[in-house]
>>> print(open('model_4.csv').read())   # CSV, C-alpha atoms
chain,number,residue,atom,x,y,z
A,1,MET,CA,78.6,144.3,-18.1
A,2,THR,CA,79.6,147.5,-16.3
A,3,PRO,CA,83.1,147.4,-14.8
A,4,THR,CA,83.0,147.1,-11.0
A,5,ALA,CA,86.7,146.5,-10.1
A,6,ARG,CA,88.7,149.1,-8.3
A,7,LEU,CA,92.2,149.6,-9.6
A,8,MET,CA,95.2,148.8,-7.4
A,9,ASP,CA,97.5,151.7,-8.3
A,10,GLY,CA,101.0,150.2,-8.0
A,11,SER,CA,102.6,153.3,-9.5
A,12,ALA,CA,101.4,155.6,-6.8
A,13,LEU,CA,102.3,153.3,-4.0
A,14,ALA,CA,105.7,152.6,-5.5
A,15,ARG,CA,106.5,156.3,-5.6
A,16,ARG,CA,105.8,156.6,-1.9
A,17,ILE,CA,108.0,153.5,-1.1
A,18,VAL,CA,110.8,154.8,-3.3
A,19,GLU,CA,110.7,158.2,-1.5
A,20,GLN,CA,111.0,156.4,1.8
A,21,ALA,CA,113.9,154.4,0.5
A,22,ALA,CA,115.6,157.6,-0.8
A,23,GLU,CA,115.2,159.2,2.6
A,24,ARG,CA,116.8,156.2,4.3
A,25,ALA,CA,119.6,156.1,1.8
A,26,ALA,CA,120.4,159.7,2.3
A,27,ASP,CA,120.4,159.2,6.1
A,28,LEU,CA,122.8,156.3,5.7
A,29,THR,CA,125.1,158.2,3.4
A,30,ARG,CA,125.2,161.1,5.9
A,31,GLN,CA,126.0,158.7,8.8
A,32,THR,CA,128.6,156.6,7.1
A,33,GLY,CA,129.9,158.7,4.2
A,34,THR,CA,129.1,155.8,1.9
A,35,SER,CA,126.0,155.5,-0.4
A,36,PRO,CA,124.2,152.1,-0.8
A,37,CYS,CA,125.4,150.4,-4.0
A,38,LEU,CA,123.6,148.0,-6.3
A,39,ALA,CA,125.6,146.1,-8.9
A,40,THR,CA,123.6,145.0,-12.0
A,41,VAL,CA,125.0,142.2,-14.1
A,42,LEU,CA,123.8,141.8,-17.7
A,43,VAL,CA,124.9,139.0,-20.1
A,44,GLY,CA,124.5,139.9,-23.8
A,45,ASP,CA,122.5,142.7,-25.3
A,46,ASP,CA,118.9,141.5,-25.4
A,47,PRO,CA,116.9,144.8,-26.0
A,48,ALA,CA,114.3,144.1,-23.3
A,49,SER,CA,117.0,143.2,-20.7
A,50,VAL,CA,119.0,146.3,-21.6
A,51,THR,CA,115.9,148.5,-21.2
A,52,TYR,CA,115.1,146.9,-17.8
A,53,VAL,CA,118.6,147.4,-16.5
A,54,ARG,CA,118.7,151.0,-17.7
A,55,MET,CA,115.4,151.7,-16.0
A,56,LYS,CA,116.5,150.1,-12.7
A,57,ARG,CA,119.8,152.1,-12.8
A,58,ALA,CA,117.9,155.3,-13.4
A,59,ARG,CA,115.6,154.6,-10.4
A,60,CYS,CA,118.6,153.9,-8.3
A,61,GLU,CA,120.1,157.2,-9.1
A,62,LYS,CA,116.9,159.1,-8.2
A,63,ALA,CA,116.8,157.2,-4.9
A,64,GLY,CA,120.4,158.1,-4.0
A,65,ILE,CA,121.6,154.5,-4.6
A,66,ARG,CA,124.8,154.1,-6.5
A,67,SER,CA,124.7,151.7,-9.4
A,68,ARG,CA,127.6,149.7,-10.7
A,69,HIS,CA,126.9,148.1,-14.1
A,70,VAL,CA,128.7,145.0,-15.3
A,71,ALA,CA,128.1,144.2,-18.9
A,72,LEU,CA,129.3,140.8,-20.1
A,73,PRO,CA,129.4,139.5,-23.7
A,74,ALA,CA,126.7,137.1,-24.9
A,75,ALA,CA,129.4,134.4,-25.1
A,76,THR,CA,130.2,134.5,-21.4
A,77,THR,CA,130.2,131.1,-19.9
A,78,THR,CA,128.6,130.0,-16.7
A,79,ALA,CA,132.0,129.7,-15.0
A,80,GLU,CA,132.9,133.3,-16.0
A,81,LEU,CA,129.6,134.6,-14.8
A,82,VAL,CA,129.9,132.8,-11.5
A,83,ASP,CA,133.4,134.3,-11.1
A,84,THR,CA,132.1,137.8,-11.8
A,85,ILE,CA,129.3,137.5,-9.3
A,86,THR,CA,131.6,135.9,-6.7
A,87,ALA,CA,133.9,138.9,-7.0
A,88,LEU,CA,130.9,141.3,-6.5
A,89,SER,CA,129.8,139.2,-3.5
A,90,ASP,CA,133.3,139.7,-2.0
A,91,ASP,CA,133.5,143.4,-2.7
A,92,PRO,CA,132.6,145.4,0.5
A,93,ASP,CA,131.7,148.4,-1.7
A,94,VAL,CA,128.8,146.5,-3.2
A,95,HIS,CA,125.7,146.0,-1.0
A,96,GLY,CA,123.3,144.4,-3.4
A,97,ILE,CA,123.6,142.3,-6.6
A,98,LEU,CA,121.0,141.9,-9.4
A,99,LEU,CA,121.6,139.4,-12.2
A,100,GLN,CA,119.3,140.4,-15.0
A,101,HIS,CA,117.5,137.3,-16.3
A,102,PRO,CA,117.2,135.5,-18.6
A,103,ALA,CA,121.0,135.3,-18.9
A,104,GLY,CA,120.9,133.1,-22.1
A,105,PRO,CA,120.1,129.5,-22.8
A,106,HIS,CA,123.7,128.4,-22.4
A,107,ILE,CA,123.9,129.8,-18.8
A,108,ASP,CA,123.2,127.7,-15.7
A,109,GLU,CA,121.2,130.5,-14.1
A,110,ARG,CA,120.8,128.6,-10.8
A,111,ALA,CA,124.5,128.3,-10.5
A,112,ALA,CA,124.9,132.0,-11.2
A,113,PHE,CA,122.2,132.9,-8.7
A,114,GLU,CA,123.8,130.8,-6.0
A,115,ALA,CA,127.0,132.8,-6.4
A,116,ILE,CA,125.2,135.8,-4.9
A,117,ALA,CA,126.0,136.2,-1.2
A,118,PRO,CA,122.8,135.8,0.8
A,119,GLU,CA,123.2,139.2,2.4
A,120,LYS,CA,123.5,140.8,-1.0
A,121,ASP,CA,120.6,138.9,-2.6
A,122,VAL,CA,118.3,141.9,-2.8
A,123,ASP,CA,116.4,140.4,-5.7
A,124,GLY,CA,115.6,137.3,-3.6
A,125,VAL,CA,116.6,134.7,-6.1
A,126,THR,CA,118.9,132.3,-4.1
A,127,CYS,CA,117.8,129.1,-2.4
A,128,HIS,CA,118.8,130.8,0.9
A,129,SER,CA,116.2,133.6,0.2
A,130,PHE,CA,113.5,131.1,-0.8
A,131,ALA,CA,114.1,129.1,2.4
A,132,ALA,CA,114.0,132.2,4.5
A,133,MET,CA,110.7,133.2,2.9
A,134,SER,CA,109.2,129.7,3.4
A,135,PHE,CA,110.2,129.5,7.0
A,136,GLY,CA,109.5,133.1,8.0
A,137,LEU,CA,113.2,133.9,8.7
A,138,ASP,CA,115.1,137.0,8.1
A,139,GLY,CA,116.1,137.4,4.5
A,140,PHE,CA,115.1,139.1,1.2
A,141,ALA,CA,111.8,138.3,-0.6
A,142,SER,CA,111.7,137.8,-4.3
A,143,CYS,CA,111.0,141.4,-5.5
A,144,THR,CA,107.8,140.8,-7.5
A,145,PRO,CA,106.2,138.6,-4.8
A,146,GLY,CA,107.3,141.0,-2.1
A,147,GLY,CA,105.8,143.9,-4.1
A,148,ILE,CA,102.6,142.0,-4.5
A,149,LEU,CA,102.3,141.5,-0.7
A,150,ARG,CA,102.9,145.2,-0.1
A,151,LEU,CA,100.2,146.1,-2.6
A,152,LEU,CA,97.7,143.7,-1.0
A,153,ASP,CA,98.5,145.2,2.4
A,154,HIS,CA,98.0,148.7,1.1
A,155,TYR,CA,94.6,147.9,-0.1
A,156,ASP,CA,93.7,146.1,3.2
A,157,VAL,CA,93.2,142.7,1.6
A,158,ASP,CA,92.8,140.3,4.6
A,159,LEU,CA,94.4,137.1,3.4
A,160,ALA,CA,93.7,134.9,6.5
A,161,GLY,CA,91.5,132.0,5.5
A,162,LYS,CA,91.1,133.1,1.9
A,163,HIS,CA,91.7,130.8,-1.0
A,164,ALA,CA,94.6,132.1,-3.0
A,165,VAL,CA,95.3,130.6,-6.4
A,166,VAL,CA,98.6,131.1,-8.1
A,167,VAL,CA,98.7,130.4,-11.8
A,168,GLY,CA,102.4,129.8,-12.6
A,169,ARG,CA,105.2,128.1,-10.7
A,170,SER,CA,108.5,129.9,-11.6
A,171,ALA,CA,111.2,130.0,-9.1
A,172,ILE,CA,111.2,133.8,-8.7
A,173,LEU,CA,107.5,134.5,-8.9
A,174,GLY,CA,105.0,131.7,-8.7
A,175,LYS,CA,106.6,129.6,-6.1
A,176,PRO,CA,107.7,132.4,-3.7
A,177,VAL,CA,104.5,134.4,-3.9
A,178,GLY,CA,102.6,131.2,-2.9
A,179,MET,CA,104.9,130.8,0.2
A,180,LEU,CA,104.4,134.5,1.2
A,181,LEU,CA,100.6,134.1,0.9
A,182,LEU,CA,100.7,130.9,2.9
A,183,ALA,CA,102.6,132.8,5.6
A,184,ARG,CA,99.7,135.2,5.8
A,185,ASP,CA,97.3,132.2,6.5
A,186,ALA,CA,95.8,132.0,3.0
A,187,THR,CA,95.0,128.6,1.7
A,188,VAL,CA,97.2,128.4,-1.5
A,189,THR,CA,96.6,126.4,-4.7
A,190,TYR,CA,99.3,126.3,-7.3
A,191,CYS,CA,98.3,125.8,-10.9
A,192,HIS,CA,100.4,125.4,-14.0
A,193,SER,CA,100.6,124.1,-17.6
A,194,ARG,CA,99.5,120.6,-16.6
A,195,THR,CA,96.6,121.6,-14.3
A,196,THR,CA,93.4,120.0,-15.5
A,197,ASP,CA,90.2,122.0,-15.6
A,198,LEU,CA,92.0,125.2,-14.6
A,199,ALA,CA,88.8,127.3,-14.8
A,200,SER,CA,87.2,125.3,-12.0
A,201,ILE,CA,90.0,126.2,-9.7
A,202,THR,CA,90.4,129.9,-10.6
A,203,LYS,CA,86.6,130.3,-10.2
A,204,ASP,CA,87.0,129.4,-6.5
A,205,ALA,CA,89.8,131.9,-5.9
A,206,ASP,CA,89.3,134.8,-3.5
A,207,VAL,CA,92.7,136.0,-4.6
A,208,LEU,CA,94.1,135.2,-8.0
A,209,VAL,CA,97.8,135.8,-8.9
A,210,ALA,CA,98.4,135.4,-12.7
A,211,ALA,CA,102.0,134.6,-13.4
A,212,VAL,CA,101.7,132.3,-16.4
A,213,GLY,CA,103.5,134.4,-19.0
A,214,ARG,CA,100.7,134.2,-21.6
A,215,PRO,CA,98.9,137.3,-22.8
A,216,ARG,CA,95.2,137.7,-21.7
A,217,PHE,CA,95.2,134.0,-20.7
A,218,LEU,CA,92.7,134.5,-17.9
A,219,ARG,CA,89.3,136.1,-18.6
A,220,GLY,CA,86.4,137.4,-16.6
A,221,GLU,CA,84.5,134.1,-16.9
A,222,HIS,CA,87.4,132.4,-15.2
A,223,LEU,CA,87.0,134.5,-12.0
A,224,LYS,CA,84.9,134.3,-8.9
A,225,PRO,CA,82.7,137.4,-8.5
A,226,GLY,CA,84.4,139.8,-6.1
A,227,ALA,CA,87.9,138.2,-6.5
A,228,VAL,CA,91.1,140.2,-6.0
A,229,VAL,CA,93.1,139.9,-9.2
A,230,ILE,CA,96.9,140.4,-9.3
A,231,ASP,CA,98.2,140.4,-12.8
A,232,ALA,CA,101.9,139.8,-12.7
A,233,GLY,CA,102.2,139.2,-16.4
A,234,SER,CA,104.5,141.2,-18.6
A,235,ASN,CA,104.0,140.4,-22.3
A,236,PRO,CA,104.9,142.3,-25.5
A,237,GLY,CA,102.8,145.4,-26.0
A,238,ASN,CA,102.3,146.0,-22.3
A,239,VAL,CA,99.7,143.3,-22.0
A,240,GLY,CA,99.2,141.2,-18.9
A,241,ASP,CA,98.2,137.6,-18.3
A,242,VAL,CA,94.6,138.7,-17.5
A,243,ASP,CA,92.1,140.0,-20.0
A,244,PHE,CA,91.7,143.3,-18.2
A,245,ASP,CA,88.3,144.5,-19.7
A,246,SER,CA,86.4,141.3,-19.0
A,247,ALA,CA,88.1,140.7,-15.6
A,248,CYS,CA,87.0,144.2,-14.5
A,249,THR,CA,83.3,143.1,-14.7
A,250,ARG,CA,83.8,140.5,-12.0
A,251,ALA,CA,86.8,141.4,-9.8
A,252,SER,CA,86.6,143.7,-6.8
A,253,LEU,CA,90.2,144.8,-7.0
A,254,ILE,CA,92.6,144.4,-9.9
A,255,THR,CA,96.1,145.5,-10.9
A,256,PRO,CA,96.5,147.2,-14.3
A,257,VAL,CA,99.3,146.4,-16.7
A,258,PRO,CA,101.3,148.6,-16.8
A,259,GLY,CA,101.1,150.5,-13.5
A,260,GLY,CA,100.3,147.6,-11.2
A,261,VAL,CA,102.8,145.0,-10.1
A,262,GLY,CA,105.8,146.3,-12.2
A,263,PRO,CA,106.5,149.5,-10.3
A,264,MET,CA,106.2,147.6,-7.0
A,265,THR,CA,108.9,145.2,-8.1
A,266,ILE,CA,111.4,148.0,-8.6
A,267,ALA,CA,110.3,149.7,-5.4
A,268,THR,CA,110.9,146.5,-3.5
A,269,LEU,CA,114.3,146.1,-5.1
A,270,LEU,CA,115.4,149.6,-4.0
A,271,THR,CA,114.0,149.1,-0.5
A,272,GLN,CA,115.9,145.8,-0.1
A,273,THR,CA,119.1,147.4,-1.4
A,274,VAL,CA,118.9,150.0,1.3
A,275,ASP,CA,118.1,147.3,3.9
A,276,ALA,CA,121.1,145.3,2.8
A,277,ALA,CA,123.4,148.3,2.9
A,278,THR,CA,122.2,149.3,6.3
A,279,ALA,CA,122.8,145.8,7.7
A,280,GLN,CA,126.3,145.5,6.1
A,281,MET,CA,127.5,148.9,7.3
A,282,THR,CA,126.1,148.4,10.7
A,283,LYS,CA,127.9,145.0,10.9
A,284,THR,CA,131.2,146.5,10.0
A,285,ALA,CA,130.9,149.7,12.0
>>> encode(input="model_4.csv", output="structure tokens")
Amino acid sequence: MTPTARLMDGSALARRIVEQAAERAADLTRQTGTSPCLATVLVGDDPASVTYVRMKRARCEKAGIRSRHVALPAATTTAELVDTITALSDDPDVHGILLQHPAGPHIDERAAFEAIAPEKDVDGVTCHSFAAMSFGLDGFASCTPGGILRLLDHYDVDLAGKHAVVVGRSAILGKPVGMLLLARDATVTYCHSRTTDLASITKDADVLVAAVGRPRFLRGEHLKPGAVVIDAGSNPGNVGDVDFDSACTRASLITPVPGGVGPMTIATLLTQTVDAATAQMTKTA
């Protein structure tokens, strides 16, 4: 079949969002004499995590955001990690905190995340941030879900009354993106590893968010014709959770991997870092 889907260009939109964040960061620096600062915390030397952190720090620099990197040995305990994050939360020179995950199987990540002060949780990983997203209160969205909503808005996807299916239920992607979609009046169905007859549900989705962590798991035959497909997967070899070629024959809009959701995640992180810095500096002025 001939591909019919239109690509949702996350890279192009992310560039515009980062440019806006850079302008706001420059204005804030001029007004206060202090640049926004994002602290990144990395436990161990996992190659993928090292690469992600390096990329995020480079994007920060281009946007006029200072980056403070805290590298901890792989043997770091949960208590030591919590102490490190607590110190960053108490440091007025730090405006946002990013704990690169996974932090290691021996680390209680939830305890580490909860050590991040809510006003510095620019990655949207704390229980406070999840509650704020769920209740429509002020707070920071999880970066990937927040980026997905920005992308949907940019392509004028009207979510009200639509059936949105989220395949995946992680605390920083699947669960929060469902809450953000629900807040836009979508009817949301969560699917996961124990969902029976998954295809019968995905075939009814007007909007499908794939966040299952399995390469090319969802194919064209699993989609409703005309569906909007958001592939939030990131698998080895730059492969998403959706089989792109077959999905393109049925979807109306689709995100590529790479170049779709990924750039939007970083753009949201930088935007929320500037938001956090603005709020903190205004509060102390």
>>> residues_around(input="model_4.csv", residues="Val53 (chain A)", least_positions_apart="5", cutoff="9 Å", atoms="all atoms listed in the file", output="PyMOL selection string")
chain A and resi 40-42+48+58+69+100
>>> residues_around(input="model_4.csv", residues="region 171-174 of chain A", least_positions_apart="4", cutoff="9 Å", atoms="only C-alpha atoms", output="VMD selection string")
chain A and resid 123 to 125 130 142 to 145 166 to 167 178 to 179 190 209 to 212 232
>>> closest_residue(input="model_4.csv", among="A:Leu99, A:Ala164, A:Ala111, A:Val229", to="Leu253 (chain A)", atoms="only C-alpha atoms")
A:Val229
>>> closest_residue(input="model_4.csv", among="A:Thr77, A:Thr202, A:Ser252, A:Thr189", to="Pro105 (chain A)", atoms="only C-alpha atoms")
A:Thr77
>>> closest_residue(input="model_4.csv", among="A:Thr78, A:Thr4, A:Ser134, A:Asn238", to="Leu182 (chain A)", atoms="all atoms listed in the file")
A:Ser134
>>> closest_residue(input="model_4.csv", among="A:Ala160, A:Val261, A:Val177, A:Cys127", to="Ala115 (chain A)", atoms="only C-alpha atoms")
A:Cys127
>>> residues_around(input="model_4.csv", residues="Arg216 (chain A)", least_positions_apart="6", cutoff="10 Å", atoms="all atoms listed in the file", output="NGL selection string")
:A and (210 or 231 or 233 or 235 or 239-247)
>>> write_last_selection(input="model_4.csv", atoms="C-alpha atoms", output="tab-separated table (two decimals), in the frame of the given file")
chain	number	residue	atom	x	y	z
A	210	ALA	CA	98.40	135.40	-12.70
A	231	ASP	CA	98.20	140.40	-12.80
A	233	GLY	CA	102.20	139.20	-16.40
A	235	ASN	CA	104.00	140.40	-22.30
A	239	VAL	CA	99.70	143.30	-22.00
A	240	GLY	CA	99.20	141.20	-18.90
A	241	ASP	CA	98.20	137.60	-18.30
A	242	VAL	CA	94.60	138.70	-17.50
A	243	ASP	CA	92.10	140.00	-20.00
A	244	PHE	CA	91.70	143.30	-18.20
A	245	ASP	CA	88.30	144.50	-19.70
A	246	SER	CA	86.40	141.30	-19.00
A	247	ALA	CA	88.10	140.70	-15.60
>>> residues_around(input="model_4.csv", residues="Pro225 (chain A)", least_positions_apart="5", cutoff="10 Å", atoms="all atoms listed in the file", output="PDB file with C-alpha atoms, in the coordinates of the input")
ATOM      1  CA  LYS A 203      86.600 130.300 -10.200  1.00  0.00           C
ATOM      2  CA  ASP A 204      87.000 129.400  -6.500  1.00  0.00           C
ATOM      3  CA  ALA A 205      89.800 131.900  -5.900  1.00  0.00           C
ATOM      4  CA  ASP A 206      89.300 134.800  -3.500  1.00  0.00           C
ATOM      5  CA  GLY A 220      86.400 137.400 -16.600  1.00  0.00           C
ATOM      6  CA  ALA A 247      88.100 140.700 -15.600  1.00  0.00           C
ATOM      7  CA  THR A 249      83.300 143.100 -14.700  1.00  0.00           C
ATOM      8  CA  ARG A 250      83.800 140.500 -12.000  1.00  0.00           C
ATOM      9  CA  ALA A 251      86.800 141.400  -9.800  1.00  0.00           C
ATOM     10  CA  SER A 252      86.600 143.700  -6.800  1.00  0.00           C
TER      11      SER A 252
END
>>> closest_residue(input="model_4.csv", among="A:Ser234, A:Gln20, A:Thr126, A:Ser193", to="Asp275 (chain A)", atoms="all atoms listed in the file")
A:Gln20
>>> atom_distance(input="model_4.csv", atom1="CA of Leu152 (chain A)", atom2="CA of Met8 (chain A)")
8.6 Å
>>> closest_residue(input="model_4.csv", among="A:Val122, A:Ala12, A:Ala74, A:Leu208", to="Ile230 (chain A)", atoms="only C-alpha atoms")
A:Leu208
>>> residues_near_point(input="model_4.csv", point="(118.2, 145.6, -17.1)", cutoff="12 Å", atoms="all atoms listed in the file", output="ChimeraX atom specification")
/A:39-59,67,69-71,98-103,266
>>> atom_distance(input="model_4.csv", atom1="CA of Lys175 (chain A)", atom2="CA of Val82 (chain A)")
24.1 Å
>>> atom_distance(input="model_4.csv", atom1="CA of Leu198 (chain A)", atom2="CA of Ala131 (chain A)")
28.2 Å
>>> residues_around(input="model_4.csv", residues="Val157 (chain A)", least_positions_apart="6", cutoff="10 Å", atoms="only C-alpha atoms", output="list in words")
Leu149, Leu151, Val207, Val228 and Leu253 of chain A
